[in-house]
>>> print(open('coords14.tsv').read())   # TSV, N, CA, C and O atoms
chain	number	residue	atom	x	y	z
A	1	PHE	N	31.43	-21.26	-79.87
A	1	PHE	CA	30.11	-21.15	-80.48
A	1	PHE	C	29.15	-20.48	-79.52
A	1	PHE	O	28.37	-19.65	-79.91
A	2	ARG	N	29.25	-20.83	-78.27
A	2	ARG	CA	28.36	-20.28	-77.26
A	2	ARG	C	28.50	-18.77	-77.14
A	2	ARG	O	27.54	-18.05	-76.98
A	3	SER	N	29.73	-18.24	-77.23
A	3	SER	CA	29.94	-16.81	-77.09
A	3	SER	C	29.32	-16.02	-78.23
A	3	SER	O	29.05	-14.84	-78.11
A	4	PHE	N	29.09	-16.66	-79.36
A	4	PHE	CA	28.49	-16.00	-80.51
A	4	PHE	C	26.97	-15.96	-80.41
A	4	PHE	O	26.32	-15.23	-81.13
A	5	GLY	N	26.40	-16.71	-79.48
A	5	GLY	CA	24.95	-16.83	-79.37
A	5	GLY	C	24.22	-15.52	-79.20
A	5	GLY	O	23.16	-15.31	-79.78
A	6	LYS	N	24.77	-14.60	-78.41
A	6	LYS	CA	24.10	-13.31	-78.20
A	6	LYS	C	24.01	-12.53	-79.49
A	6	LYS	O	23.00	-11.93	-79.79
A	7	TYR	N	25.09	-12.54	-80.28
A	7	TYR	CA	25.10	-11.82	-81.54
A	7	TYR	C	24.08	-12.41	-82.52
A	7	TYR	O	23.28	-11.71	-83.11
A	8	ILE	N	24.11	-13.71	-82.67
A	8	ILE	CA	23.17	-14.36	-83.57
A	8	ILE	C	21.74	-14.16	-83.07
A	8	ILE	O	20.83	-13.98	-83.85
A	9	GLY	N	21.55	-14.19	-81.77
A	9	GLY	CA	20.22	-13.96	-81.21
A	9	GLY	C	19.64	-12.64	-81.65
A	9	GLY	O	18.47	-12.54	-81.99
A	10	ARG	N	20.47	-11.61	-81.69
A	10	ARG	CA	19.99	-10.31	-82.16
A	10	ARG	C	19.69	-10.36	-83.64
A	10	ARG	O	18.73	-9.77	-84.12
A	11	LEU	N	20.51	-11.08	-84.40
A	11	LEU	CA	20.30	-11.15	-85.84
A	11	LEU	C	19.00	-11.87	-86.16
A	11	LEU	O	18.29	-11.53	-87.10
A	12	CYS	N	18.68	-12.90	-85.39
A	12	CYS	CA	17.51	-13.72	-85.66
A	12	CYS	C	16.28	-13.23	-84.90
A	12	CYS	O	15.27	-13.91	-84.87
A	13	LYS	N	16.39	-12.09	-84.24
A	13	LYS	CA	15.27	-11.53	-83.50
A	13	LYS	C	14.72	-12.52	-82.49
A	13	LYS	O	13.53	-12.80	-82.44
A	14	GLY	N	15.62	-13.10	-81.70
A	14	GLY	CA	15.21	-13.97	-80.61
A	14	GLY	C	15.12	-15.44	-80.94
A	14	GLY	O	14.86	-16.25	-80.07
A	15	GLU	N	15.33	-15.83	-82.18
A	15	GLU	CA	15.22	-17.25	-82.53
A	15	GLU	C	16.60	-17.86	-82.69
A	15	GLU	O	16.91	-18.46	-83.71
A	16	LYS	N	17.42	-17.74	-81.64
A	16	LYS	CA	18.80	-18.19	-81.78
A	16	LYS	C	18.95	-19.70	-81.84
A	16	LYS	O	20.01	-20.19	-82.14
A	17	ASP	N	17.89	-20.45	-81.60
A	17	ASP	CA	17.97	-21.90	-81.74
A	17	ASP	C	17.93	-22.33	-83.20
A	17	ASP	O	18.04	-23.50	-83.50
A	18	MET	N	17.76	-21.38	-84.09
A	18	MET	CA	17.63	-21.71	-85.50
A	18	MET	C	18.85	-21.28	-86.31
A	18	MET	O	18.77	-21.03	-87.48
A	19	ASP	N	20.01	-21.19	-85.66
A	19	ASP	CA	21.23	-20.85	-86.38
A	19	ASP	C	21.66	-22.02	-87.24
A	19	ASP	O	21.43	-23.18	-86.90
A	20	TYR	N	22.29	-21.72	-88.36
A	20	TYR	CA	22.83	-22.75	-89.23
A	20	TYR	C	24.34	-22.61	-89.30
A	20	TYR	O	24.88	-21.51	-89.21
A	21	LEU	N	24.99	-23.74	-89.51
A	21	LEU	CA	26.42	-23.78	-89.77
A	21	LEU	C	26.64	-24.27	-91.19
A	21	LEU	O	26.00	-25.24	-91.62
A	22	ALA	N	27.53	-23.61	-91.90
A	22	ALA	CA	28.00	-24.12	-93.18
A	22	ALA	C	29.40	-24.68	-92.91
A	22	ALA	O	30.29	-23.97	-92.45
A	23	VAL	N	29.57	-25.96	-93.16
A	23	VAL	CA	30.82	-26.66	-92.85
A	23	VAL	C	31.61	-26.89	-94.13
A	23	VAL	O	31.04	-27.24	-95.18
A	24	PHE	N	32.92	-26.72	-94.03
A	24	PHE	CA	33.81	-26.87	-95.19
A	24	PHE	C	34.96	-27.81	-94.84
A	24	PHE	O	35.39	-27.88	-93.70
A	25	ARG	N	35.47	-28.51	-95.85
A	25	ARG	CA	36.60	-29.41	-95.64
A	25	ARG	C	37.94	-28.69	-95.80
A	25	ARG	O	38.97	-29.22	-95.43
A	26	GLN	N	37.92	-27.47	-96.36
A	26	GLN	CA	39.15	-26.69	-96.52
A	26	GLN	C	38.95	-25.30	-95.93
A	26	GLN	O	37.95	-24.63	-96.22
A	27	ARG	N	39.92	-24.89	-95.14
A	27	ARG	CA	39.84	-23.56	-94.51
A	27	ARG	C	39.77	-22.45	-95.54
A	27	ARG	O	39.09	-21.45	-95.35
A	28	SER	N	40.48	-22.61	-96.63
A	28	SER	CA	40.49	-21.56	-97.66
A	28	SER	C	39.08	-21.32	-98.21
A	28	SER	O	38.70	-20.17	-98.45
A	29	ASP	N	38.30	-22.38	-98.40
A	29	ASP	CA	36.93	-22.22	-98.87
A	29	ASP	C	36.05	-21.56	-97.81
A	29	ASP	O	35.22	-20.71	-98.12
A	30	ALA	N	36.24	-21.95	-96.56
A	30	ALA	CA	35.46	-21.34	-95.48
A	30	ALA	C	35.71	-19.83	-95.43
A	30	ALA	O	34.76	-19.03	-95.33
A	31	LEU	N	36.96	-19.44	-95.52
A	31	LEU	CA	37.28	-18.01	-95.47
A	31	LEU	C	36.86	-17.27	-96.72
A	31	LEU	O	36.44	-16.11	-96.67
A	32	LYS	N	36.93	-17.94	-97.86
A	32	LYS	CA	36.48	-17.34	-99.12
A	32	LYS	C	34.98	-17.05	-99.06
A	32	LYS	O	34.53	-15.96	-99.43
A	33	VAL	N	34.21	-17.99	-98.55
A	33	VAL	CA	32.76	-17.80	-98.42
A	33	VAL	C	32.46	-16.72	-97.38
A	33	VAL	O	31.61	-15.86	-97.60
A	34	LEU	N	33.16	-16.75	-96.27
A	34	LEU	CA	32.95	-15.75	-95.23
A	34	LEU	C	33.17	-14.34	-95.78
A	34	LEU	O	32.34	-13.45	-95.57
A	35	ASN	N	34.26	-14.14	-96.49
A	35	ASN	CA	34.54	-12.83	-97.07
A	35	ASN	C	33.50	-12.41	-98.10
A	35	ASN	O	33.08	-11.25	-98.14
A	36	ALA	N	33.05	-13.35	-98.92
A	36	ALA	CA	32.03	-13.04	-99.92
A	36	ALA	C	30.71	-12.67	-99.24
A	36	ALA	O	30.01	-11.74	-99.69
A	37	LEU	N	30.35	-13.37	-98.18
A	37	LEU	CA	29.12	-13.05	-97.46
A	37	LEU	C	29.20	-11.66	-96.84
A	37	LEU	O	28.23	-10.89	-96.88
A	38	ARG	N	30.34	-11.34	-96.26
A	38	ARG	CA	30.51	-10.01	-95.66
A	38	ARG	C	30.45	-8.91	-96.71
A	38	ARG	O	29.87	-7.86	-96.47
A	39	GLU	N	31.03	-9.15	-97.87
A	39	GLU	CA	30.95	-8.17	-98.97
A	39	GLU	C	29.51	-7.93	-99.39
A	39	GLU	O	29.14	-6.83	-99.77
A	40	ARG	N	28.70	-8.97	-99.31
A	40	ARG	CA	27.28	-8.87	-99.69
A	40	ARG	C	26.40	-8.43	-98.52
A	40	ARG	O	25.19	-8.46	-98.61
A	41	LYS	N	27.05	-8.08	-97.41
A	41	LYS	CA	26.35	-7.59	-96.21
A	41	LYS	C	25.38	-8.64	-95.63
A	41	LYS	O	24.31	-8.31	-95.14
A	42	ILE	N	25.78	-9.90	-95.71
A	42	ILE	CA	25.00	-10.99	-95.14
A	42	ILE	C	25.57	-11.30	-93.76
A	42	ILE	O	26.77	-11.52	-93.61
A	43	ALA	N	24.71	-11.29	-92.76
A	43	ALA	CA	25.14	-11.51	-91.37
A	43	ALA	C	25.73	-12.91	-91.21
A	43	ALA	O	25.08	-13.90	-91.51
A	44	CYS	N	26.98	-12.96	-90.74
A	44	CYS	CA	27.66	-14.25	-90.57
A	44	CYS	C	28.89	-14.06	-89.70
A	44	CYS	O	29.30	-12.93	-89.43
A	45	ALA	N	29.47	-15.17	-89.30
A	45	ALA	CA	30.72	-15.15	-88.54
A	45	ALA	C	31.42	-16.49	-88.69
A	45	ALA	O	30.79	-17.51	-88.98
A	46	ALA	N	32.73	-16.47	-88.51
A	46	ALA	CA	33.51	-17.71	-88.50
A	46	ALA	C	33.55	-18.24	-87.07
A	46	ALA	O	33.76	-17.47	-86.13
A	47	VAL	N	33.30	-19.52	-86.93
A	47	VAL	CA	33.32	-20.16	-85.61
A	47	VAL	C	34.03	-21.51	-85.74
A	47	VAL	O	34.17	-22.05	-86.84
A	48	ASN	N	34.47	-22.02	-84.61
A	48	ASN	CA	35.03	-23.37	-84.60
A	48	ASN	C	33.90	-24.37	-84.85
A	48	ASN	O	32.83	-24.25	-84.27
A	49	THR	N	34.17	-25.34	-85.70
A	49	THR	CA	33.18	-26.38	-85.95
A	49	THR	C	33.05	-27.23	-84.69
A	49	THR	O	34.05	-27.70	-84.16
A	50	PRO	N	31.82	-27.41	-84.19
A	50	PRO	CA	31.64	-28.25	-82.99
A	50	PRO	C	32.18	-29.65	-83.22
A	50	PRO	O	31.98	-30.25	-84.28
A	51	SER	N	32.86	-30.18	-82.22
A	51	SER	CA	33.50	-31.49	-82.37
A	51	SER	C	32.50	-32.62	-82.59
A	51	SER	O	32.82	-33.62	-83.22
A	52	TYR	N	31.27	-32.46	-82.10
A	52	TYR	CA	30.28	-33.53	-82.28
A	52	TYR	C	29.88	-33.72	-83.73
A	52	TYR	O	29.34	-34.75	-84.10
A	53	LEU	N	30.15	-32.74	-84.58
A	53	LEU	CA	29.84	-32.89	-86.00
A	53	LEU	C	30.83	-33.81	-86.71
A	53	LEU	O	30.51	-34.43	-87.71
A	54	LYS	N	32.05	-33.88	-86.18
A	54	LYS	CA	33.09	-34.72	-86.77
A	54	LYS	C	33.19	-34.53	-88.28
A	54	LYS	O	33.24	-35.48	-89.05
A	55	ALA	N	33.19	-33.25	-88.67
A	55	ALA	CA	33.24	-32.94	-90.10
A	55	ALA	C	34.00	-31.64	-90.29
A	55	ALA	O	34.04	-30.79	-89.42
A	56	GLY	N	34.60	-31.51	-91.44
A	56	GLY	CA	35.17	-30.25	-91.83
A	56	GLY	C	36.59	-30.00	-91.38
A	56	GLY	O	37.26	-30.83	-90.79
A	57	CYS	N	37.02	-28.77	-91.65
A	57	CYS	CA	38.40	-28.35	-91.41
A	57	CYS	C	38.58	-27.72	-90.05
A	57	CYS	O	39.70	-27.39	-89.67
A	58	GLY	N	37.51	-27.52	-89.34
A	58	GLY	CA	37.60	-26.89	-88.03
A	58	GLY	C	37.01	-25.50	-88.00
A	58	GLY	O	36.75	-24.95	-86.94
A	59	ILE	N	36.78	-24.90	-89.17
A	59	ILE	CA	36.15	-23.59	-89.25
A	59	ILE	C	34.83	-23.73	-90.01
A	59	ILE	O	34.78	-24.32	-91.08
A	60	SER	N	33.79	-23.17	-89.41
A	60	SER	CA	32.48	-23.13	-90.06
A	60	SER	C	32.01	-21.69	-90.12
A	60	SER	O	32.52	-20.83	-89.41
A	61	VAL	N	31.02	-21.45	-90.95
A	61	VAL	CA	30.39	-20.14	-91.03
A	61	VAL	C	29.00	-20.29	-90.42
A	61	VAL	O	28.23	-21.15	-90.82
A	62	VAL	N	28.71	-19.45	-89.43
A	62	VAL	CA	27.40	-19.49	-88.77
A	62	VAL	C	26.59	-18.29	-89.26
A	62	VAL	O	27.14	-17.21	-89.51
A	63	PHE	N	25.28	-18.53	-89.43
A	63	PHE	CA	24.40	-17.48	-89.96
A	63	PHE	C	22.98	-17.79	-89.53
A	63	PHE	O	22.65	-18.93	-89.19
A	64	PRO	N	22.09	-16.80	-89.57
A	64	PRO	CA	20.68	-17.02	-89.21
A	64	PRO	C	20.00	-17.92	-90.24
A	64	PRO	O	20.29	-17.85	-91.43
A	65	TYR	N	19.08	-18.72	-89.76
A	65	TYR	CA	18.40	-19.71	-90.61
A	65	TYR	C	17.75	-19.12	-91.84
A	65	TYR	O	17.72	-19.73	-92.90
A	66	TYR	N	17.21	-17.91	-91.72
A	66	TYR	CA	16.44	-17.34	-92.83
A	66	TYR	C	17.33	-16.86	-93.98
A	66	TYR	O	16.83	-16.48	-95.03
A	67	LEU	N	18.64	-16.91	-93.81
A	67	LEU	CA	19.57	-16.52	-94.88
A	67	LEU	C	20.17	-17.72	-95.62
A	67	LEU	O	21.08	-17.55	-96.43
A	68	LYS	N	19.65	-18.90	-95.38
A	68	LYS	CA	20.24	-20.11	-95.96
A	68	LYS	C	20.31	-20.07	-97.49
A	68	LYS	O	21.33	-20.44	-98.07
A	69	ASP	N	19.27	-19.60	-98.14
A	69	ASP	CA	19.28	-19.55	-99.61
A	69	ASP	C	20.35	-18.61	-100.14
A	69	ASP	O	21.05	-18.93	-101.10
A	70	LYS	N	20.52	-17.46	-99.49
A	70	LYS	CA	21.55	-16.51	-99.92
A	70	LYS	C	22.94	-17.08	-99.68
A	70	LYS	O	23.84	-16.89	-100.50
A	71	VAL	N	23.12	-17.77	-98.57
A	71	VAL	CA	24.42	-18.38	-98.28
A	71	VAL	C	24.71	-19.47	-99.30
A	71	VAL	O	25.83	-19.57	-99.81
A	72	GLN	N	23.71	-20.28	-99.62
A	72	GLN	CA	23.90	-21.35	-100.60
A	72	GLN	C	24.27	-20.78	-101.96
A	72	GLN	O	25.16	-21.30	-102.64
A	73	ASP	N	23.62	-19.70	-102.37
A	73	ASP	CA	23.96	-19.05	-103.64
A	73	ASP	C	25.39	-18.53	-103.63
A	73	ASP	O	26.11	-18.64	-104.63
A	74	THR	N	25.81	-17.98	-102.50
A	74	THR	CA	27.17	-17.45	-102.38
A	74	THR	C	28.19	-18.58	-102.46
A	74	THR	O	29.23	-18.44	-103.12
A	75	ILE	N	27.91	-19.70	-101.81
A	75	ILE	CA	28.82	-20.86	-101.86
A	75	ILE	C	29.02	-21.31	-103.30
A	75	ILE	O	30.14	-21.58	-103.74
A	76	ARG	N	27.94	-21.37	-104.04
A	76	ARG	CA	28.03	-21.77	-105.45
A	76	ARG	C	28.81	-20.74	-106.27
A	76	ARG	O	29.64	-21.10	-107.11
A	77	SER	N	28.53	-19.46	-106.04
A	77	SER	CA	29.13	-18.42	-106.88
A	77	SER	C	30.63	-18.28	-106.66
A	77	SER	O	31.34	-17.90	-107.59
A	78	VAL	N	31.13	-18.57	-105.47
A	78	VAL	CA	32.58	-18.47	-105.23
A	78	VAL	C	33.30	-19.78	-105.54
A	78	VAL	O	34.52	-19.83	-105.49
A	79	GLY	N	32.56	-20.82	-105.85
A	79	GLY	CA	33.18	-22.10	-106.22
A	79	GLY	C	33.82	-22.84	-105.07
A	79	GLY	O	34.88	-23.43	-105.22
A	80	ALA	N	33.16	-22.82	-103.92
A	80	ALA	CA	33.68	-23.52	-102.74
A	80	ALA	C	33.37	-25.01	-102.87
A	80	ALA	O	32.35	-25.51	-102.40
A	81	THR	N	34.29	-25.74	-103.48
A	81	THR	CA	34.06	-27.16	-103.78
A	81	THR	C	34.18	-28.06	-102.55
A	81	THR	O	33.76	-29.21	-102.59
A	82	SER	N	34.72	-27.54	-101.46
A	82	SER	CA	34.88	-28.37	-100.27
A	82	SER	C	33.71	-28.20	-99.29
A	82	SER	O	33.80	-28.63	-98.14
A	83	PHE	N	32.63	-27.62	-99.74
A	83	PHE	CA	31.46	-27.43	-98.89
A	83	PHE	C	30.94	-28.79	-98.43
A	83	PHE	O	30.72	-29.68	-99.23
A	84	GLY	N	30.77	-28.94	-97.11
A	84	GLY	CA	30.36	-30.22	-96.55
A	84	GLY	C	28.90	-30.32	-96.17
A	84	GLY	O	28.42	-31.39	-95.86
A	85	GLY	N	28.20	-29.21	-96.16
A	85	GLY	CA	26.77	-29.24	-95.86
A	85	GLY	C	26.38	-28.23	-94.79
A	85	GLY	O	27.23	-27.58	-94.17
A	86	PHE	N	25.06	-28.14	-94.60
A	86	PHE	CA	24.49	-27.27	-93.58
A	86	PHE	C	24.08	-28.09	-92.38
A	86	PHE	O	23.58	-29.21	-92.54
A	87	PHE	N	24.24	-27.54	-91.21
A	87	PHE	CA	23.81	-28.18	-89.98
A	87	PHE	C	23.10	-27.13	-89.13
A	87	PHE	O	23.56	-26.00	-89.03
A	88	SER	N	21.99	-27.53	-88.54
A	88	SER	CA	21.31	-26.58	-87.63
A	88	SER	C	21.88	-26.76	-86.24
A	88	SER	O	22.33	-27.84	-85.88
A	89	ARG	N	21.85	-25.70	-85.52
A	89	ARG	CA	22.43	-25.72	-84.17
A	89	ARG	C	21.44	-26.30	-83.20
A	89	ARG	O	20.27	-26.18	-83.28
>>> encode(input="coords14.tsv", output="structure tokens")
Amino acid sequence: FRSFGKYIGRLCKGEKDMDYLAVFRQRSDALKVLNALRERKIACAAVNTPSYLKAGCGISVVFPYYLKDKVQDTIRSVGATSFGGFFSR
């Protein structure tokens, strides 16, 4: 997660403390959402879910805070039923 900080920092224009994680209970849903977000040109990346969250399948999607509504719409539209919630970094 730490290695991705520089990239997200550029995406958020310096507000890298406001990154969000979308956590999933199934890897297939995490990857399905990731691919859909990339197709829609929404800035995101797959990262390991931090162990302190004790949630999910081990893969989360990280994205800038200001894209939360678009990410939530994408999760609904692809039918990712194993979505576990959003967490701020």
>>> closest_residue(input="coords14.tsv", among="A:Thr49, A:Ile59, A:Asp29, A:Ala43", to="Val78 in chain A", atoms="only N, CA, C and O atoms")
A:Asp29
>>> closest_residue(input="coords14.tsv", among="A:Gly84, A:Ser51, A:Cys44, A:Lys32", to="Tyr66 in chain A", atoms="only C-alpha atoms")
A:Cys44
>>> axis_aligned_box(input="coords14.tsv", around="range 32-41 of chain A", padding_each_side="6 Å", output="JSON")
{"center_x": 30.6, "center_y": -12.4, "center_z": -97.5, "size_x": 24.6, "size_y": 23.2, "size_z": 16.8}
>>> residues_around(input="coords14.tsv", residues="Ile42 in chain A", least_positions_apart="3", cutoff="12 Å", atoms="only C-alpha atoms", output="list in words")
Leu11, Val33, Leu34, Asn35, Ala36, Leu37, Arg38, Glu39, Ala45, Val61, Val62, Phe63, Pro64, Tyr65, Tyr66, Leu67, Lys68, Asp69, Lys70, Val71, Gln72, Asp73 and Thr74 of chain A
>>> select_by_dssp(input="coords14.tsv", residues="range 33-74 of chain A", states="strand (DSSP E or B)", output="VMD selection string")
chain A and resid 45 to 48 59 to 64
>>> atom_distance(input="coords14.tsv", atom1="atom O of Lys54 in chain A", atom2="atom N of Lys41 in chain A")
29.3 Å
>>> closest_residue(input="coords14.tsv", among="A:Ser28, A:Leu21, A:Arg89, A:Gly79", to="Ser60 in chain A", atoms="all atoms listed in the file")
A:Leu21
>>> residues_around(input="coords14.tsv", residues="Gly56 in chain A", least_positions_apart="2", cutoff="7 Å", atoms="only C-alpha atoms", output="ChimeraX atom specification")
/A:23-25,58,84
>>> build_atoms(input="coords14.tsv", residues="range 18-29 of chain A", atoms="all heavy atoms", output="PDB file, keeping the file's coordinate frame")
ATOM      1  N   MET A  18      17.760 -21.380 -84.090  1.00  0.00           N
ATOM      2  CA  MET A  18      17.630 -21.710 -85.500  1.00  0.00           C
ATOM      3  C   MET A  18      18.850 -21.280 -86.310  1.00  0.00           C
ATOM      4  O   MET A  18      18.770 -21.030 -87.480  1.00  0.00           O
ATOM      5  CB  MET A  18      16.374 -21.038 -86.069  1.00  0.00           C
ATOM      6  CG  MET A  18      15.092 -21.519 -85.442  1.00  0.00           C
ATOM      7  SD  MET A  18      14.775 -23.263 -85.731  1.00  0.00           S
ATOM      8  CE  MET A  18      14.376 -23.213 -87.463  1.00  0.00           C
ATOM      9  N   ASP A  19      20.010 -21.190 -85.660  1.00  0.00           N
ATOM     10  CA  ASP A  19      21.230 -20.850 -86.380  1.00  0.00           C
ATOM     11  C   ASP A  19      21.660 -22.020 -87.240  1.00  0.00           C
ATOM     12  O   ASP A  19      21.430 -23.180 -86.900  1.00  0.00           O
ATOM     13  CB  ASP A  19      22.363 -20.538 -85.409  1.00  0.00           C
ATOM     14  CG  ASP A  19      22.026 -19.422 -84.448  1.00  0.00           C
ATOM     15  OD1 ASP A  19      21.123 -18.636 -84.756  1.00  0.00           O
ATOM     16  OD2 ASP A  19      22.670 -19.352 -83.401  1.00  0.00           O
ATOM     17  N   TYR A  20      22.290 -21.720 -88.360  1.00  0.00           N
ATOM     18  CA  TYR A  20      22.830 -22.750 -89.230  1.00  0.00           C
ATOM     19  C   TYR A  20      24.340 -22.610 -89.300  1.00  0.00           C
ATOM     20  O   TYR A  20      24.880 -21.510 -89.210  1.00  0.00           O
ATOM     21  CB  TYR A  20      22.273 -22.610 -90.642  1.00  0.00           C
ATOM     22  CG  TYR A  20      20.959 -23.292 -90.896  1.00  0.00           C
ATOM     23  CD1 TYR A  20      20.162 -23.771 -89.863  1.00  0.00           C
ATOM     24  CD2 TYR A  20      20.494 -23.448 -92.187  1.00  0.00           C
ATOM     25  CE1 TYR A  20      18.953 -24.381 -90.129  1.00  0.00           C
ATOM     26  CE2 TYR A  20      19.281 -24.063 -92.452  1.00  0.00           C
ATOM     27  CZ  TYR A  20      18.515 -24.526 -91.413  1.00  0.00           C
ATOM     28  OH  TYR A  20      17.326 -25.137 -91.669  1.00  0.00           O
ATOM     29  N   LEU A  21      24.990 -23.740 -89.510  1.00  0.00           N
ATOM     30  CA  LEU A  21      26.420 -23.780 -89.770  1.00  0.00           C
ATOM     31  C   LEU A  21      26.640 -24.270 -91.190  1.00  0.00           C
ATOM     32  O   LEU A  21      26.000 -25.240 -91.620  1.00  0.00           O
ATOM     33  CB  LEU A  21      27.117 -24.778 -88.841  1.00  0.00           C
ATOM     34  CG  LEU A  21      27.264 -24.439 -87.378  1.00  0.00           C
ATOM     35  CD1 LEU A  21      27.811 -25.645 -86.636  1.00  0.00           C
ATOM     36  CD2 LEU A  21      28.191 -23.268 -87.208  1.00  0.00           C
ATOM     37  N   ALA A  22      27.530 -23.610 -91.900  1.00  0.00           N
ATOM     38  CA  ALA A  22      28.000 -24.120 -93.180  1.00  0.00           C
ATOM     39  C   ALA A  22      29.400 -24.680 -92.910  1.00  0.00           C
ATOM     40  O   ALA A  22      30.290 -23.970 -92.450  1.00  0.00           O
ATOM     41  CB  ALA A  22      28.068 -23.003 -94.212  1.00  0.00           C
ATOM     42  N   VAL A  23      29.570 -25.960 -93.160  1.00  0.00           N
ATOM     43  CA  VAL A  23      30.820 -26.660 -92.850  1.00  0.00           C
ATOM     44  C   VAL A  23      31.610 -26.890 -94.130  1.00  0.00           C
ATOM     45  O   VAL A  23      31.040 -27.240 -95.180  1.00  0.00           O
ATOM     46  CB  VAL A  23      30.514 -28.008 -92.144  1.00  0.00           C
ATOM     47  CG1 VAL A  23      31.777 -28.785 -91.875  1.00  0.00           C
ATOM     48  CG2 VAL A  23      29.752 -27.753 -90.854  1.00  0.00           C
ATOM     49  N   PHE A  24      32.920 -26.720 -94.030  1.00  0.00           N
ATOM     50  CA  PHE A  24      33.810 -26.870 -95.190  1.00  0.00           C
ATOM     51  C   PHE A  24      34.960 -27.810 -94.840  1.00  0.00           C
ATOM     52  O   PHE A  24      35.390 -27.880 -93.700  1.00  0.00           O
ATOM     53  CB  PHE A  24      34.376 -25.500 -95.595  1.00  0.00           C
ATOM     54  CG  PHE A  24      33.306 -24.523 -95.974  1.00  0.00           C
ATOM     55  CD1 PHE A  24      32.699 -23.736 -95.015  1.00  0.00           C
ATOM     56  CD2 PHE A  24      32.889 -24.400 -97.282  1.00  0.00           C
ATOM     57  CE1 PHE A  24      31.692 -22.846 -95.343  1.00  0.00           C
ATOM     58  CE2 PHE A  24      31.881 -23.519 -97.633  1.00  0.00           C
ATOM     59  CZ  PHE A  24      31.287 -22.741 -96.657  1.00  0.00           C
ATOM     60  N   ARG A  25      35.470 -28.510 -95.850  1.00  0.00           N
ATOM     61  CA  ARG A  25      36.600 -29.410 -95.640  1.00  0.00           C
ATOM     62  C   ARG A  25      37.940 -28.690 -95.800  1.00  0.00           C
ATOM     63  O   ARG A  25      38.970 -29.220 -95.430  1.00  0.00           O
ATOM     64  CB  ARG A  25      36.508 -30.592 -96.606  1.00  0.00           C
ATOM     65  CG  ARG A  25      35.357 -31.542 -96.262  1.00  0.00           C
ATOM     66  CD  ARG A  25      35.301 -32.754 -97.172  1.00  0.00           C
ATOM     67  NE  ARG A  25      34.966 -32.444 -98.552  1.00  0.00           N
ATOM     68  CZ  ARG A  25      33.741 -32.198 -99.002  1.00  0.00           C
ATOM     69  NH1 ARG A  25      32.715 -32.197 -98.166  1.00  0.00           N
ATOM     70  NH2 ARG A  25      33.525 -31.936-100.270  1.00  0.00           N
ATOM     71  N   GLN A  26      37.920 -27.470 -96.360  1.00  0.00           N
ATOM     72  CA  GLN A  26      39.150 -26.690 -96.520  1.00  0.00           C
ATOM     73  C   GLN A  26      38.950 -25.300 -95.930  1.00  0.00           C
ATOM     74  O   GLN A  26      37.950 -24.630 -96.220  1.00  0.00           O
ATOM     75  CB  GLN A  26      39.517 -26.557 -97.996  1.00  0.00           C
ATOM     76  CG  GLN A  26      39.878 -27.867 -98.653  1.00  0.00           C
ATOM     77  CD  GLN A  26      40.193 -27.686-100.134  1.00  0.00           C
ATOM     78  OE1 GLN A  26      40.120 -26.583-100.677  1.00  0.00           O
ATOM     79  NE2 GLN A  26      40.530 -28.784-100.791  1.00  0.00           N
ATOM     80  N   ARG A  27      39.920 -24.890 -95.140  1.00  0.00           N
ATOM     81  CA  ARG A  27      39.840 -23.560 -94.510  1.00  0.00           C
ATOM     82  C   ARG A  27      39.770 -22.450 -95.540  1.00  0.00           C
ATOM     83  O   ARG A  27      39.090 -21.450 -95.350  1.00  0.00           O
ATOM     84  CB  ARG A  27      41.058 -23.334 -93.612  1.00  0.00           C
ATOM     85  CG  ARG A  27      41.006 -24.154 -92.354  1.00  0.00           C
ATOM     86  CD  ARG A  27      42.299 -23.985 -91.556  1.00  0.00           C
ATOM     87  NE  ARG A  27      42.233 -24.820 -90.373  1.00  0.00           N
ATOM     88  CZ  ARG A  27      42.066 -24.343 -89.148  1.00  0.00           C
ATOM     89  NH1 ARG A  27      41.976 -23.054 -88.949  1.00  0.00           N
ATOM     90  NH2 ARG A  27      41.988 -25.159 -88.131  1.00  0.00           N
ATOM     91  N   SER A  28      40.480 -22.610 -96.630  1.00  0.00           N
ATOM     92  CA  SER A  28      40.490 -21.560 -97.660  1.00  0.00           C
ATOM     93  C   SER A  28      39.080 -21.320 -98.210  1.00  0.00           C
ATOM     94  O   SER A  28      38.700 -20.170 -98.450  1.00  0.00           O
ATOM     95  CB  SER A  28      41.456 -21.914 -98.789  1.00  0.00           C
ATOM     96  OG  SER A  28      41.081 -23.133 -99.406  1.00  0.00           O
ATOM     97  N   ASP A  29      38.300 -22.380 -98.400  1.00  0.00           N
ATOM     98  CA  ASP A  29      36.930 -22.220 -98.870  1.00  0.00           C
ATOM     99  C   ASP A  29      36.050 -21.560 -97.810  1.00  0.00           C
ATOM    100  O   ASP A  29      35.220 -20.710 -98.120  1.00  0.00           O
ATOM    101  CB  ASP A  29      36.322 -23.562 -99.281  1.00  0.00           C
ATOM    102  CG  ASP A  29      36.715 -23.975-100.687  1.00  0.00           C
ATOM    103  OD1 ASP A  29      37.305 -23.147-101.419  1.00  0.00           O
ATOM    104  OD2 ASP A  29      36.430 -25.129-101.058  1.00  0.00           O
TER     105      ASP A  29
END
